[in-house]
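Structure data (compact mmCIF, C-alpha atoms) from target-v2.txt:
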# COMPACT_ATOMS: atom_id res chain seq x y z
CA MET A 30 28.05 -1.54 -28.47
CA THR A 31 24.92 -2.48 -26.51
CA LYS A 32 24.53 -0.75 -23.18
CA LYS A 33 23.38 -3.17 -20.50
CA VAL A 34 21.29 -2.32 -17.46
CA ASP A 35 20.86 -5.10 -14.92
CA ALA A 36 17.78 -4.17 -12.89
CA ARG A 37 17.02 -7.68 -11.66
CA GLY A 38 15.86 -7.81 -8.06
CA PHE A 39 15.28 -4.08 -7.79
CA SER A 40 11.74 -3.08 -6.97
CA CYS A 41 10.10 -0.13 -8.64
CA PRO A 42 10.88 2.62 -9.32
CA GLN A 43 14.55 1.54 -9.42
CA PRO A 44 14.42 -0.25 -12.82
CA VAL A 45 12.70 2.78 -14.33
CA ILE A 46 15.21 5.21 -12.81
CA LEU A 47 18.14 3.16 -14.17
CA THR A 48 16.52 2.90 -17.61
CA ARG A 49 15.80 6.62 -17.75
CA ARG A 50 19.38 7.36 -16.85
CA ALA A 51 20.58 5.11 -19.69
CA ILE A 52 18.16 6.65 -22.19
CA GLN A 53 19.22 10.15 -21.20
CA ALA A 54 22.86 9.16 -21.70
CA GLY A 55 21.81 8.63 -25.30
CA GLU A 56 23.69 5.43 -26.20
CA PHE A 57 21.48 2.97 -28.03
CA PRO A 58 20.56 0.15 -28.11
CA ILE A 59 20.01 -0.45 -24.41
CA GLU A 60 19.36 -3.86 -22.94
CA VAL A 61 17.45 -3.84 -19.66
CA LEU A 62 17.21 -7.01 -17.60
CA VAL A 63 14.26 -7.32 -15.21
CA GLU A 64 12.58 -10.15 -13.31
CA THR A 65 8.97 -9.15 -12.80
CA VAL A 66 6.14 -8.39 -15.18
CA THR A 67 5.53 -5.20 -13.19
CA SER A 68 9.04 -3.97 -13.91
CA ARG A 69 8.73 -5.06 -17.54
CA GLU A 70 5.55 -3.01 -18.02
CA ASN A 71 6.94 -0.01 -16.11
CA VAL A 72 10.19 0.04 -18.09
CA ARG A 73 8.27 -0.40 -21.33
CA ARG A 74 5.91 2.47 -20.52
CA ALA A 75 8.71 4.79 -19.41
CA SER A 76 10.77 4.04 -22.54
CA GLU A 77 7.84 4.58 -24.89
CA LYS A 78 7.26 7.95 -23.22
CA PHE A 79 10.76 8.88 -24.40
CA GLY A 80 9.73 7.92 -27.94
CA CYS A 81 11.79 4.71 -27.92
CA GLN A 82 10.91 1.34 -29.38
CA VAL A 83 10.92 -1.62 -27.04
CA GLU A 84 11.28 -5.31 -27.80
CA VAL A 85 10.83 -7.90 -25.10
CA GLU A 86 12.34 -11.34 -24.88
CA GLU A 87 11.51 -13.78 -22.08
CA MET A 88 13.91 -16.41 -20.89
CA GLY A 89 13.68 -18.51 -17.75
CA GLY A 90 11.30 -16.12 -15.98
CA GLU A 91 13.47 -13.10 -16.75
CA PHE A 92 12.85 -10.42 -19.32
CA THR A 93 15.30 -8.67 -21.59
CA LEU A 94 13.99 -5.40 -22.99
CA THR A 95 15.86 -4.04 -25.96
CA ILE A 96 15.34 -0.30 -26.26
CA THR A 97 16.13 1.52 -29.49
CA LYS A 98 15.50 4.99 -30.80
CA MET B 2 -5.12 -14.39 -24.08
CA SER B 3 -3.45 -13.95 -20.73
CA GLU B 4 -1.06 -11.46 -22.33
CA LYS B 5 -4.03 -9.49 -23.67
CA PHE B 6 -5.50 -9.20 -20.17
CA THR B 7 -2.11 -8.20 -18.80
CA ARG B 8 -1.82 -5.38 -21.33
CA PHE B 9 -5.34 -4.18 -20.55
CA PHE B 10 -4.68 -4.11 -16.82
CA ALA B 11 -1.41 -2.29 -17.45
CA SER B 12 -3.28 0.34 -19.48
CA ARG B 13 -4.82 3.59 -18.28
CA TRP B 14 -8.31 2.03 -18.40
CA GLY B 15 -7.10 -0.86 -16.27
CA ILE B 16 -5.88 1.34 -13.45
CA VAL B 17 -8.97 3.58 -13.66
CA LEU B 18 -11.14 0.46 -13.38
CA ALA B 19 -9.27 -0.66 -10.26
CA GLY B 20 -9.62 2.77 -8.62
CA ALA B 21 -13.30 2.98 -9.54
CA VAL B 22 -14.07 -0.47 -8.14
CA ILE B 23 -12.35 0.35 -4.84
CA GLY B 24 -14.20 3.68 -4.80
CA ALA B 25 -17.53 1.89 -5.29
CA LEU B 26 -17.00 -1.05 -2.95
CA ALA B 27 -15.64 0.89 0.04
CA PRO B 28 -18.82 2.98 0.62
CA LEU B 29 -20.87 -0.20 0.11
CA LEU B 30 -18.80 -1.99 2.74
CA GLN B 31 -19.52 0.92 5.04
CA LYS B 32 -23.22 0.56 4.26
CA ALA B 33 -22.90 -3.16 5.00
CA GLY B 34 -21.48 -2.49 8.45
CA ASN B 35 -17.87 -1.28 8.30
CA PRO B 36 -17.06 1.90 10.30
CA PRO B 37 -17.87 5.33 8.84
CA ASN B 38 -15.48 6.65 6.19
CA MET B 39 -13.65 3.37 6.76
CA GLY B 40 -15.17 1.04 4.20
CA ILE B 41 -11.59 0.03 3.70
CA CYS B 42 -8.52 1.20 5.57
CA VAL B 43 -5.47 -0.99 5.33
CA ALA B 44 -3.73 0.64 8.32
CA CYS B 45 -6.82 0.62 10.55
CA PHE B 46 -7.70 -2.94 9.58
CA GLU B 47 -4.19 -4.21 10.30
CA ARG B 48 -4.42 -2.35 13.60
CA ASP B 49 -7.70 -4.17 14.32
CA ILE B 50 -6.00 -7.48 13.56
CA ALA B 51 -3.16 -6.57 15.94
CA GLY B 52 -5.82 -5.88 18.57
CA ALA B 53 -7.67 -9.13 17.96
CA LEU B 54 -4.41 -11.02 18.50
CA GLY B 55 -3.81 -9.10 21.73
CA LEU B 56 -0.77 -7.21 20.48
CA HIS B 57 -2.55 -4.17 21.90
CA ARG B 58 -5.47 -3.92 24.30
CA ALA B 59 -7.43 -0.98 22.93
CA ALA B 60 -10.80 -2.66 23.39
CA VAL B 61 -12.60 -0.66 20.69
CA VAL B 62 -10.34 -1.63 17.80
CA GLN B 63 -10.06 -5.41 17.83
CA TYR B 64 -11.32 -7.52 14.94
CA ILE B 65 -9.80 -9.88 12.40
CA ARG B 66 -10.63 -7.99 9.23
CA PRO B 67 -11.42 -10.38 6.37
CA GLU B 68 -10.66 -7.66 3.79
CA ILE B 69 -6.94 -7.81 4.62
CA ILE B 70 -6.93 -11.60 4.39
CA ALA B 71 -8.75 -11.49 1.06
CA PHE B 72 -6.39 -8.84 -0.37
CA VAL B 73 -3.38 -11.08 0.14
CA LEU B 74 -5.02 -14.34 -0.92
CA SER B 75 -6.59 -12.78 -4.00
CA ALA B 76 -3.25 -11.33 -5.04
CA THR B 77 -1.80 -14.82 -4.66
CA ILE B 78 -4.52 -16.31 -6.87
CA ALA B 79 -4.10 -13.58 -9.50
CA ALA B 80 -0.33 -13.97 -9.47
CA LEU B 81 -0.59 -17.75 -9.85
CA LEU B 82 -3.14 -17.47 -12.67
CA PHE B 83 -0.94 -15.07 -14.60
CA ARG B 84 2.34 -16.82 -13.76
CA GLU B 85 3.60 -13.89 -11.70
CA PHE B 86 4.01 -15.65 -8.38
CA LYS B 87 7.71 -15.12 -7.75
CA PRO B 88 9.13 -15.91 -4.33
CA ARG B 89 11.78 -13.32 -3.60
CA ALA B 90 13.36 -11.75 -0.52
CA GLY B 91 16.50 -10.23 0.86
CA SER B 92 16.27 -6.51 0.14
CA ALA B 93 17.08 -5.06 3.59
CA PRO B 94 14.18 -6.75 5.41
CA ILE B 95 14.99 -5.25 8.81
CA VAL B 96 14.86 -1.73 7.36
CA ARG B 97 11.49 -2.56 5.84
CA PHE B 98 10.28 -3.75 9.23
CA VAL B 99 11.28 -0.46 10.86
CA LEU B 100 9.68 1.50 8.00
CA GLY B 101 6.50 -0.53 8.52
CA VAL B 102 6.45 0.31 12.23
CA PHE B 103 6.79 4.05 11.62
CA ALA B 104 4.43 3.98 8.63
CA MET B 105 1.80 2.66 11.03
CA ILE B 106 2.62 5.17 13.77
CA GLY B 107 2.29 8.02 11.24
CA SER B 108 -0.93 6.59 9.78
CA LEU B 109 -2.50 6.19 13.22
CA ALA B 110 -1.53 9.72 14.25
CA PHE B 111 -3.78 10.80 11.37
CA LEU B 112 -6.13 7.80 11.70
CA GLY B 113 -5.98 6.29 8.27
CA CYS B 114 -3.93 4.89 5.43
CA PRO B 115 -3.88 6.69 2.06
CA TRP B 116 -6.96 4.76 0.93
CA ARG B 117 -8.89 5.95 3.95
CA THR B 118 -7.54 9.45 3.44
CA LEU B 119 -9.33 9.48 0.08
CA LEU B 120 -12.42 7.81 1.52
CA ARG B 121 -12.56 10.36 4.35
CA LEU B 122 -12.36 13.16 1.81
CA ALA B 123 -15.07 11.46 -0.25
CA GLY B 124 -17.23 11.44 2.87
CA GLY B 125 -16.74 15.17 3.46
CA ASP B 126 -14.07 14.94 6.17
CA LEU B 127 -11.99 18.01 5.37
CA ASN B 128 -9.21 16.95 7.78
CA ALA B 129 -8.28 14.56 4.99
CA ILE B 130 -6.99 17.57 3.03
CA LEU B 131 -4.29 17.95 5.68
CA GLY B 132 -3.62 14.21 5.52
CA LEU B 133 -3.43 14.17 1.75
CA THR B 134 -1.13 17.19 1.70
CA GLY B 135 1.08 15.52 4.30
CA LEU B 136 1.16 12.34 2.24
CA ALA B 137 2.22 14.26 -0.86
CA VAL B 138 4.93 16.11 1.07
CA GLY B 139 6.23 12.87 2.61
CA VAL B 140 6.36 11.12 -0.77
CA THR B 141 8.05 14.16 -2.33
CA ILE B 142 10.78 14.05 0.33
CA GLY B 143 11.17 10.33 -0.45
CA VAL B 144 11.54 11.14 -4.16
CA GLN B 145 14.46 13.46 -3.37
CA PHE B 146 16.21 10.50 -1.74
CA LEU B 147 15.41 8.28 -4.74
CA LYS B 148 16.91 10.91 -7.04
CA ALA B 149 20.04 10.97 -4.86
CA GLY B 150 20.51 7.23 -5.29
CA TYR B 151 18.57 5.83 -2.33
CA ASN B 152 17.54 2.20 -2.63
CA LEU B 153 17.33 -0.82 -0.37
CA GLY B 154 19.28 -3.10 -2.68
CA ARG B 155 18.27 -6.13 -4.70
CA SER B 156 16.01 -8.93 -3.64
CA TYR B 157 16.81 -12.47 -4.74
CA LYS B 158 14.82 -15.41 -5.98
CA THR B 159 14.24 -17.85 -3.21
CA TYR B 160 12.45 -21.08 -2.27
CA THR B 161 8.82 -21.39 -3.28
CA ALA B 162 7.84 -21.94 0.37
CA VAL B 163 9.11 -18.46 1.27
CA GLY B 164 6.54 -16.92 -1.04
CA TRP B 165 3.78 -18.89 0.66
CA ILE B 166 4.47 -17.63 4.18
CA MET B 167 2.20 -14.55 4.01
CA PRO B 168 -0.67 -16.33 2.22
CA VAL B 169 -0.51 -19.13 4.81
CA ILE B 170 -0.48 -16.61 7.69
CA MET B 171 -3.62 -15.12 6.14
CA ILE B 172 -5.29 -18.54 5.97
CA GLY B 173 -4.44 -18.93 9.66
CA LEU B 174 -6.06 -15.57 10.43
CA LEU B 175 -9.13 -16.58 8.42
CA LEU B 176 -9.48 -19.74 10.53
CA LEU B 177 -9.18 -17.64 13.70
CA ARG B 178 -11.88 -15.29 12.35
CA ILE B 179 -14.22 -18.16 11.47
CA PHE B 180 -13.80 -20.25 14.63
CA LYS B 181 -13.16 -17.39 17.09
CA PRO B 182 -11.25 -19.54 19.58
CA GLN B 183 -10.60 -18.12 23.03
CA PHE B 184 -7.21 -19.34 24.19
CA SER B 185 -7.61 -18.38 27.84
CA GLU B 186 -10.25 -16.80 30.03
CA GLY B 187 -10.41 -13.10 29.25
CA GLY B 188 -7.68 -13.55 26.66
CA ALA B 189 -7.24 -13.50 22.89
CA ILE B 190 -8.77 -13.80 20.38
CA PHE B 191 -10.40 -10.41 21.12
CA PHE B 192 -13.37 -9.02 19.24
CA SER B 193 -14.56 -5.51 20.10
CA GLU B 194 -18.02 -5.22 21.57
CA ASP B 195 -18.31 -1.54 20.79
CA GLY B 196 -16.44 1.15 18.88
CA PRO B 197 -15.12 0.87 15.34
CA GLY B 198 -13.83 -2.66 15.92
CA SER B 199 -17.36 -3.88 16.54
CA MET B 200 -18.56 -2.42 13.25
CA HIS B 201 -18.09 -4.77 10.37
CA ALA B 202 -19.78 -6.09 7.28
CA PRO B 203 -20.76 -9.78 7.26
CA LEU B 204 -17.82 -12.12 6.71
CA TYR B 205 -18.76 -13.23 3.20
CA ILE B 206 -19.30 -9.65 2.00
CA SER B 207 -15.93 -8.51 3.39
CA LEU B 208 -14.21 -11.51 1.84
CA GLY B 209 -15.98 -11.08 -1.50
CA ALA B 210 -15.18 -7.39 -1.80
CA GLY B 211 -11.60 -8.04 -0.69
CA LEU B 212 -11.15 -10.76 -3.30
CA VAL B 213 -12.39 -8.52 -6.13
CA ILE B 214 -10.20 -5.61 -5.03
CA GLY B 215 -7.15 -7.80 -4.41
CA PHE B 216 -7.39 -9.30 -7.87
CA LEU B 217 -7.74 -5.96 -9.66
CA ALA B 218 -5.07 -4.28 -7.57
CA GLN B 219 -2.57 -7.09 -8.15
CA ARG B 220 -3.18 -6.96 -11.90
CA THR B 221 -3.01 -3.17 -12.18
CA ARG B 222 -0.32 -2.51 -9.49
CA PHE B 223 -2.66 0.05 -7.90
CA CYS B 224 -0.60 2.09 -5.42
CA THR B 225 -1.42 5.40 -3.79
CA MET B 226 2.16 6.21 -2.85
CA GLY B 227 3.35 5.24 -6.34
CA SER B 228 0.68 7.55 -7.82
CA ILE B 229 2.21 10.59 -6.19
CA ARG B 230 5.81 9.40 -6.57
CA ASP B 231 5.49 8.83 -10.32
CA VAL B 232 4.07 12.31 -10.86
CA VAL B 233 6.79 13.98 -8.80
CA LEU B 234 9.63 11.80 -10.08
CA MET B 235 8.83 11.70 -13.78
CA GLY B 236 5.56 13.43 -14.54
CA ASP B 237 3.90 10.05 -15.10
CA THR B 238 0.15 10.26 -14.48
CA HIS B 239 -0.63 6.59 -15.09
CA LEU B 240 -1.14 5.44 -11.49
CA ILE B 241 -2.68 8.67 -10.25
CA SER B 242 -5.57 8.30 -12.68
CA GLY B 243 -6.60 5.30 -10.56
CA LEU B 244 -6.41 7.40 -7.45
CA GLY B 245 -8.59 10.07 -9.07
CA ALA B 246 -11.14 7.44 -10.11
CA LEU B 247 -11.27 6.13 -6.54
CA LEU B 248 -11.98 9.59 -5.13
CA VAL B 249 -14.63 10.55 -7.69
CA VAL B 250 -16.50 7.24 -7.60
CA ALA B 251 -16.38 7.06 -3.78
CA PHE B 252 -17.78 10.60 -3.55
CA ILE B 253 -20.64 9.80 -5.93
CA ALA B 254 -21.35 6.52 -4.12
CA ASN B 255 -21.37 8.34 -0.77
CA LEU B 256 -23.78 10.95 -2.17
CA ILE B 257 -26.13 8.21 -3.34
CA LEU B 258 -25.88 6.38 -0.01
CA ARG B 259 -26.20 9.67 1.94
CA GLN B 260 -22.87 9.21 3.63
CA VAL B 261 -21.48 12.71 3.02
CA SER B 262 -21.15 15.36 5.70
CA PHE B 263 -18.70 18.22 5.19
CA GLY B 264 -16.65 19.65 8.04
CA PHE B 265 -13.56 19.46 10.20
CA PHE B 266 -14.79 18.93 13.74
CA GLY B 267 -16.43 15.73 14.88
CA GLN B 268 -15.89 13.69 11.74
CA PRO B 269 -16.17 9.94 12.33
CA VAL B 270 -13.05 8.25 13.72
CA ALA B 271 -11.04 11.40 13.04
CA HIS B 272 -9.56 14.34 14.91
CA SER B 273 -9.12 17.93 13.84
CA GLN B 274 -5.65 18.62 15.20
CA HIS B 275 -4.41 19.97 11.87
CA LEU B 276 -0.64 20.02 12.44
CA TRP B 277 -0.50 16.38 13.55
CA ASN B 278 -2.88 15.20 10.86
CA PHE B 279 -0.41 16.73 8.45
CA LEU B 280 2.82 15.57 10.10
CA GLY B 281 1.48 12.06 10.75
CA MET B 282 0.94 11.60 7.04
CA VAL B 283 4.26 13.22 6.13
CA LEU B 284 5.85 10.43 8.18
CA ALA B 285 3.63 7.76 6.63
CA GLY B 286 4.21 9.04 3.09
CA LEU B 287 7.96 9.15 3.57
CA ALA B 288 8.02 5.63 5.03
CA PHE B 289 5.89 4.29 2.16
CA ALA B 290 8.11 5.98 -0.41
CA LEU B 291 11.28 4.55 1.15
CA ALA B 292 9.68 1.10 1.29
CA GLY B 293 8.40 1.31 -2.30
CA GLY B 294 4.67 0.99 -1.75
CA CYS B 295 1.58 2.07 0.17
CA PRO B 296 0.12 -0.36 2.73
CA GLY B 297 -2.30 -1.82 0.20
CA ARG B 298 0.39 -2.38 -2.41
CA GLN B 299 2.61 -4.05 0.21
CA LEU B 300 -0.20 -6.51 0.94
CA PHE B 301 -0.62 -7.37 -2.74
CA LEU B 302 3.14 -7.75 -3.20
CA SER B 303 3.32 -10.01 -0.17
CA GLY B 304 0.63 -12.14 -1.78
CA GLU B 305 2.63 -12.58 -4.97
CA GLY B 306 5.68 -13.90 -3.16
CA ASP B 307 7.56 -10.77 -2.10
CA GLY B 308 8.89 -11.66 1.35
CA ASP B 309 10.25 -8.14 1.91
CA ALA B 310 6.78 -6.66 1.45
CA GLY B 311 5.56 -9.26 3.94
CA VAL B 312 8.11 -8.01 6.47
CA PHE B 313 6.81 -4.45 5.96
CA VAL B 314 3.25 -5.67 6.63
CA LEU B 315 4.36 -7.42 9.82
CA GLY B 316 6.18 -4.21 10.80
CA MET B 317 2.91 -2.31 10.40
CA ILE B 318 1.03 -4.81 12.56
CA VAL B 319 3.68 -4.62 15.30
CA GLY B 320 3.72 -0.82 14.90
CA ALA B 321 -0.02 -0.82 15.63
CA GLY B 322 0.76 -2.63 18.87
CA PHE B 323 3.24 0.10 19.84
CA ALA B 324 0.86 2.83 18.72
CA HIS B 325 -1.91 1.73 21.08
CA ASN B 326 0.18 0.34 23.94
CA PHE B 327 2.17 3.58 24.20
CA ALA B 328 -0.82 5.85 23.51
CA LEU B 329 0.68 7.19 20.29
CA ALA B 330 -2.42 6.86 18.10
CA GLY B 331 -4.82 9.74 17.50
CA THR B 332 -7.91 10.09 19.66
CA PRO B 333 -11.03 11.10 17.72
CA ASP B 334 -12.85 14.38 18.41
CA SER B 335 -15.61 13.96 20.96
CA VAL B 336 -18.85 15.46 19.72
CA ALA B 337 -20.60 14.71 23.02
CA ASN B 338 -18.06 16.69 25.05
CA GLY B 339 -17.24 19.16 22.31
CA THR B 340 -13.51 18.41 22.68
CA VAL B 341 -10.97 18.26 19.89
CA GLY B 342 -9.06 14.98 19.84
CA GLY B 343 -5.55 14.49 18.56
CA ILE B 344 -2.38 12.80 19.65
CA SER B 345 -0.63 12.72 23.02
CA PRO B 346 2.81 14.26 23.65
CA TYR B 347 4.13 10.69 23.29
CA GLY B 348 2.48 10.46 19.90
CA MET B 349 4.08 13.74 18.85
CA ALA B 350 7.49 12.52 20.00
CA ALA B 351 6.98 9.25 18.11
CA VAL B 352 6.11 11.08 14.88
CA ILE B 353 9.22 13.27 15.19
CA LEU B 354 11.37 10.23 16.02
CA GLY B 355 9.92 8.44 12.99
CA LEU B 356 10.76 11.36 10.72
CA VAL B 357 14.34 11.41 12.03
CA VAL B 358 14.72 7.65 11.52
CA CYS B 359 13.33 7.87 7.97
CA LEU B 360 15.66 10.77 7.13
CA VAL B 361 18.65 8.78 8.41
CA ILE B 362 17.57 5.75 6.35
CA GLY B 363 17.11 7.93 3.27
CA LEU B 364 20.47 9.65 3.70
CA THR B 365 22.60 6.65 4.55
CA MET B 366 21.28 3.89 2.29
CA ARG B 367 22.24 4.90 -1.18
CA ASP B 368 24.54 4.04 -4.05
CA LYS B 369 27.22 6.61 -4.44
As a first step, turn the structure in this file into structure tokens.
Amino acid sequence: MTKKVDARGFSCPQPVILTRRAIQAGEFPIEVLVETVTSRENVRRASEKFGCQVEVEEMGGEFTLTITK
Amino acid sequence: MSEKFTRFFASRWGIVLAGAVIGALAPLLQKAGNPPNMGICVACFERDIAGALGLHRAAVVQYIRPEIIAFVLSATIAALLFREFKPRAGSAPIVRFVLGVFAMIGSLAFLGCPWRTLLRLAGGDLNAILGLTGLAVGVTIGVQFLKAGYNLGRSYKTYTAVGWIMPVIMIGLLLLRIFKPQFSEGGAIFFSEDGPGSMHAPLYISLGAGLVIGFLAQRTRFCTMGSIRDVVLMGDTHLISGLGALLVVAFIANLILRQVSFGFFGQPVAHSQHLWNFLGMVLAGLAFALAGGCPGRQLFLSGEGDGDAGVFVLGMIVGAGFAHNFALAGTPDSVANGTVGGISPYGMAAVILGLVVCLVIGLTMRDK
């Protein structure tokens, strides 16, 4: 079961806080939805710090980051 | 190709480059005419713009600062080039306005935004240690709210024209700067004849430096508040490496240009009332943390289409009007008279009021 985090519209650090919370809960994979490149890079960096792998998919100006461990 | 650039700017070297360039250009702007230890100061420069428009009548701090204009427009250009221009708005704009007002009141109690805090330190002004400590304390308080679920809610995609409002306002200001119209006898537009407002680099130099900095800062998301927040919140040192680069490079540049003089008393456009230097920046830091960005970052965000950041900027400009009309802003030490400057009892009350307002915002606006 994929855990979904909808962080669209939140400015930083909110997307990172939500992602960290999901990672710490330990259920993978996690799908994080963000709207800006800034949030995409921040979520990517934060996830990689936790030793996770991140894949990014862009669709219609939004980004879906799939985080696995 | 564009993706490659984006990854570089998002890297540690990218943010260090941005900090280093700001650290190099600010002392040069000072050399070229900007006020001492104020090569760049987002708060002071917005205050000067407020003065030029007649929103306050402090005759020594009135000038339409091209750096501010260039920051926003350059962020717009960078965002368009890299397909990041995203018009968005609707995340508690009125709260952001209020935070902008108090962010300015706190900054002007100290006499500087976080950028100028670093530049003052790099010029030997030891009062900046109090300011920097206050900033860190303010941001740390903000982080506690973030941890407890504070946020101002989502923003939403909106019409393209919304994203253009701040860039167009800046083009309007640029026209006012270039043509210097006087709308009535003895009226606005005001340009200081003496004091810090009269000290400025030539227009093209200010614009050029602003464009370079705006571009780099938009690409790298350079943010002084974020630097401290990320360390406190998650031990992330990415952004703060840019802040460190700014400080080191500015200090070296000031040494080369002979612009360093260590001390507390009588530093340029600064006062040595330690408690209020500290508390002013606690207020500013808390307001920045609650609003999600330092004054510089808010300008760059407003340039890339973030209407909420634009409202924060307008709040700061209006806050500068209050700060000078109600005598809330710090008065510099007077070397000639040997008197220590500082803020008035009204200024002290305003800082305390601001702290209370920010605490209420932090406590009441959160997801359960």
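The smallest atom-to-atom distance between Gly40 of chain B and any of B:Arg155, B:His201, B:His275, B:Lys87, using only C-alpha atoms, is found for B:His201.
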Interface list for chain B, partner chain A, 8 Å threshold, only C-alpha atoms, as a ChimeraX atom specification | /B:11,85,87,152,154-158,222,293
Restricting the calculation to all atoms listed in the file, which member of B:Phe313, B:Gly355, B:Ala330, B:Phe83 is positioned closest to Arg8 of chain B?
-> B:Phe83
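Interatomic distance, atom CA of Leu131 of chain B against atom CA of Ala251 of chain B: 18.8 Å.
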Which of these, B:Arg97, B:His272, B:Arg259, B:Arg178, has the shortest distance to Leu291 of chain B once you count all atoms listed in the file?
-> B:Arg97
Spatial neighbours of Ala292 of chain B, 9 Å, all atoms listed in the file, chain gap at least 3 places, as a VMD selection string = chain B and resid 96 to 97 100 to 101 152 to 153 287 to 289 295 299 310 313
Would you mind reading off the distance between atom CA of Leu240 of chain B and atom CA of Leu74 of chain B, one decimal, in Å?
-> 22.8 Å
Smallest atom-to-atom distance to Val357 of chain B: which of B:Ala337, B:Leu300, B:Leu284, B:Val169, using all atoms listed in the file?
-> B:Leu284
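Interatomic distance, atom CA of Arg84 of chain B against atom CA of Asp309 of chain B: 19.6 Å.
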Residues around (-4.3, -1.1, 12.8), cut-off 7 Å, counting all atoms listed in the file - what are they as number ranges by chain?
-> B: 44-51, 318, 321
Quick one: what's the axis-aligned box for segment 46-58 of chain B, all listed atoms, 5 Å on every side, centre and edges in Å to one decimal, as AutoDock Vina command-line options?
--center_x -4.2 --center_y -6.7 --center_z 16.9 --size_x 16.9 --size_y 18.7 --size_z 24.7
Contact residues around Gly308 of chain B with all atoms listed in the file at 12 Å, ignoring same-chain residues under 2 positions, as number ranges by chain = B: 86-95, 97-98, 156-168, 299-306, 310-315
Please provide the set of residues having any atom within 9 Å of Ser335 of chain B, restricted to all atoms listed in the file, with same-chain residues fewer than 5 positions apart removed, written as JSON, numbers by chain.
-> {"B": [266, 267, 272, 340, 341, 342]}
Rank nothing, just name the residue among A:Arg73, A:Lys98, A:Gln82, A:Thr93 nearest to Gln53 of chain A, using only C-alpha atoms.
-> A:Lys98
Near-Phe223 of chain B list (12 Å; only C-alpha atoms; drop same-chain fewer than 3 positions) as an NGL selection string | (:A and (67)) or (:B and (10-13 or 15-23 or 76 or 116 or 214-220 or 226-229 or 239-247 or 294-302))
Fewer than 2 positions away in the same chain doesn't count, so skip those; otherwise give me all residues within 10 Å of Gln260 of chain B, counting only C-alpha atoms, as a ChimeraX atom specification.
-> /B:28,31-32,37-38,123-125,252-258,262
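With all atoms listed in the file as the atoms that count, the minimum distance from Gly52 of chain B to the choices B:Gly363, B:Pro269, B:Gly211, B:Pro197 is reached by B:Pro197.
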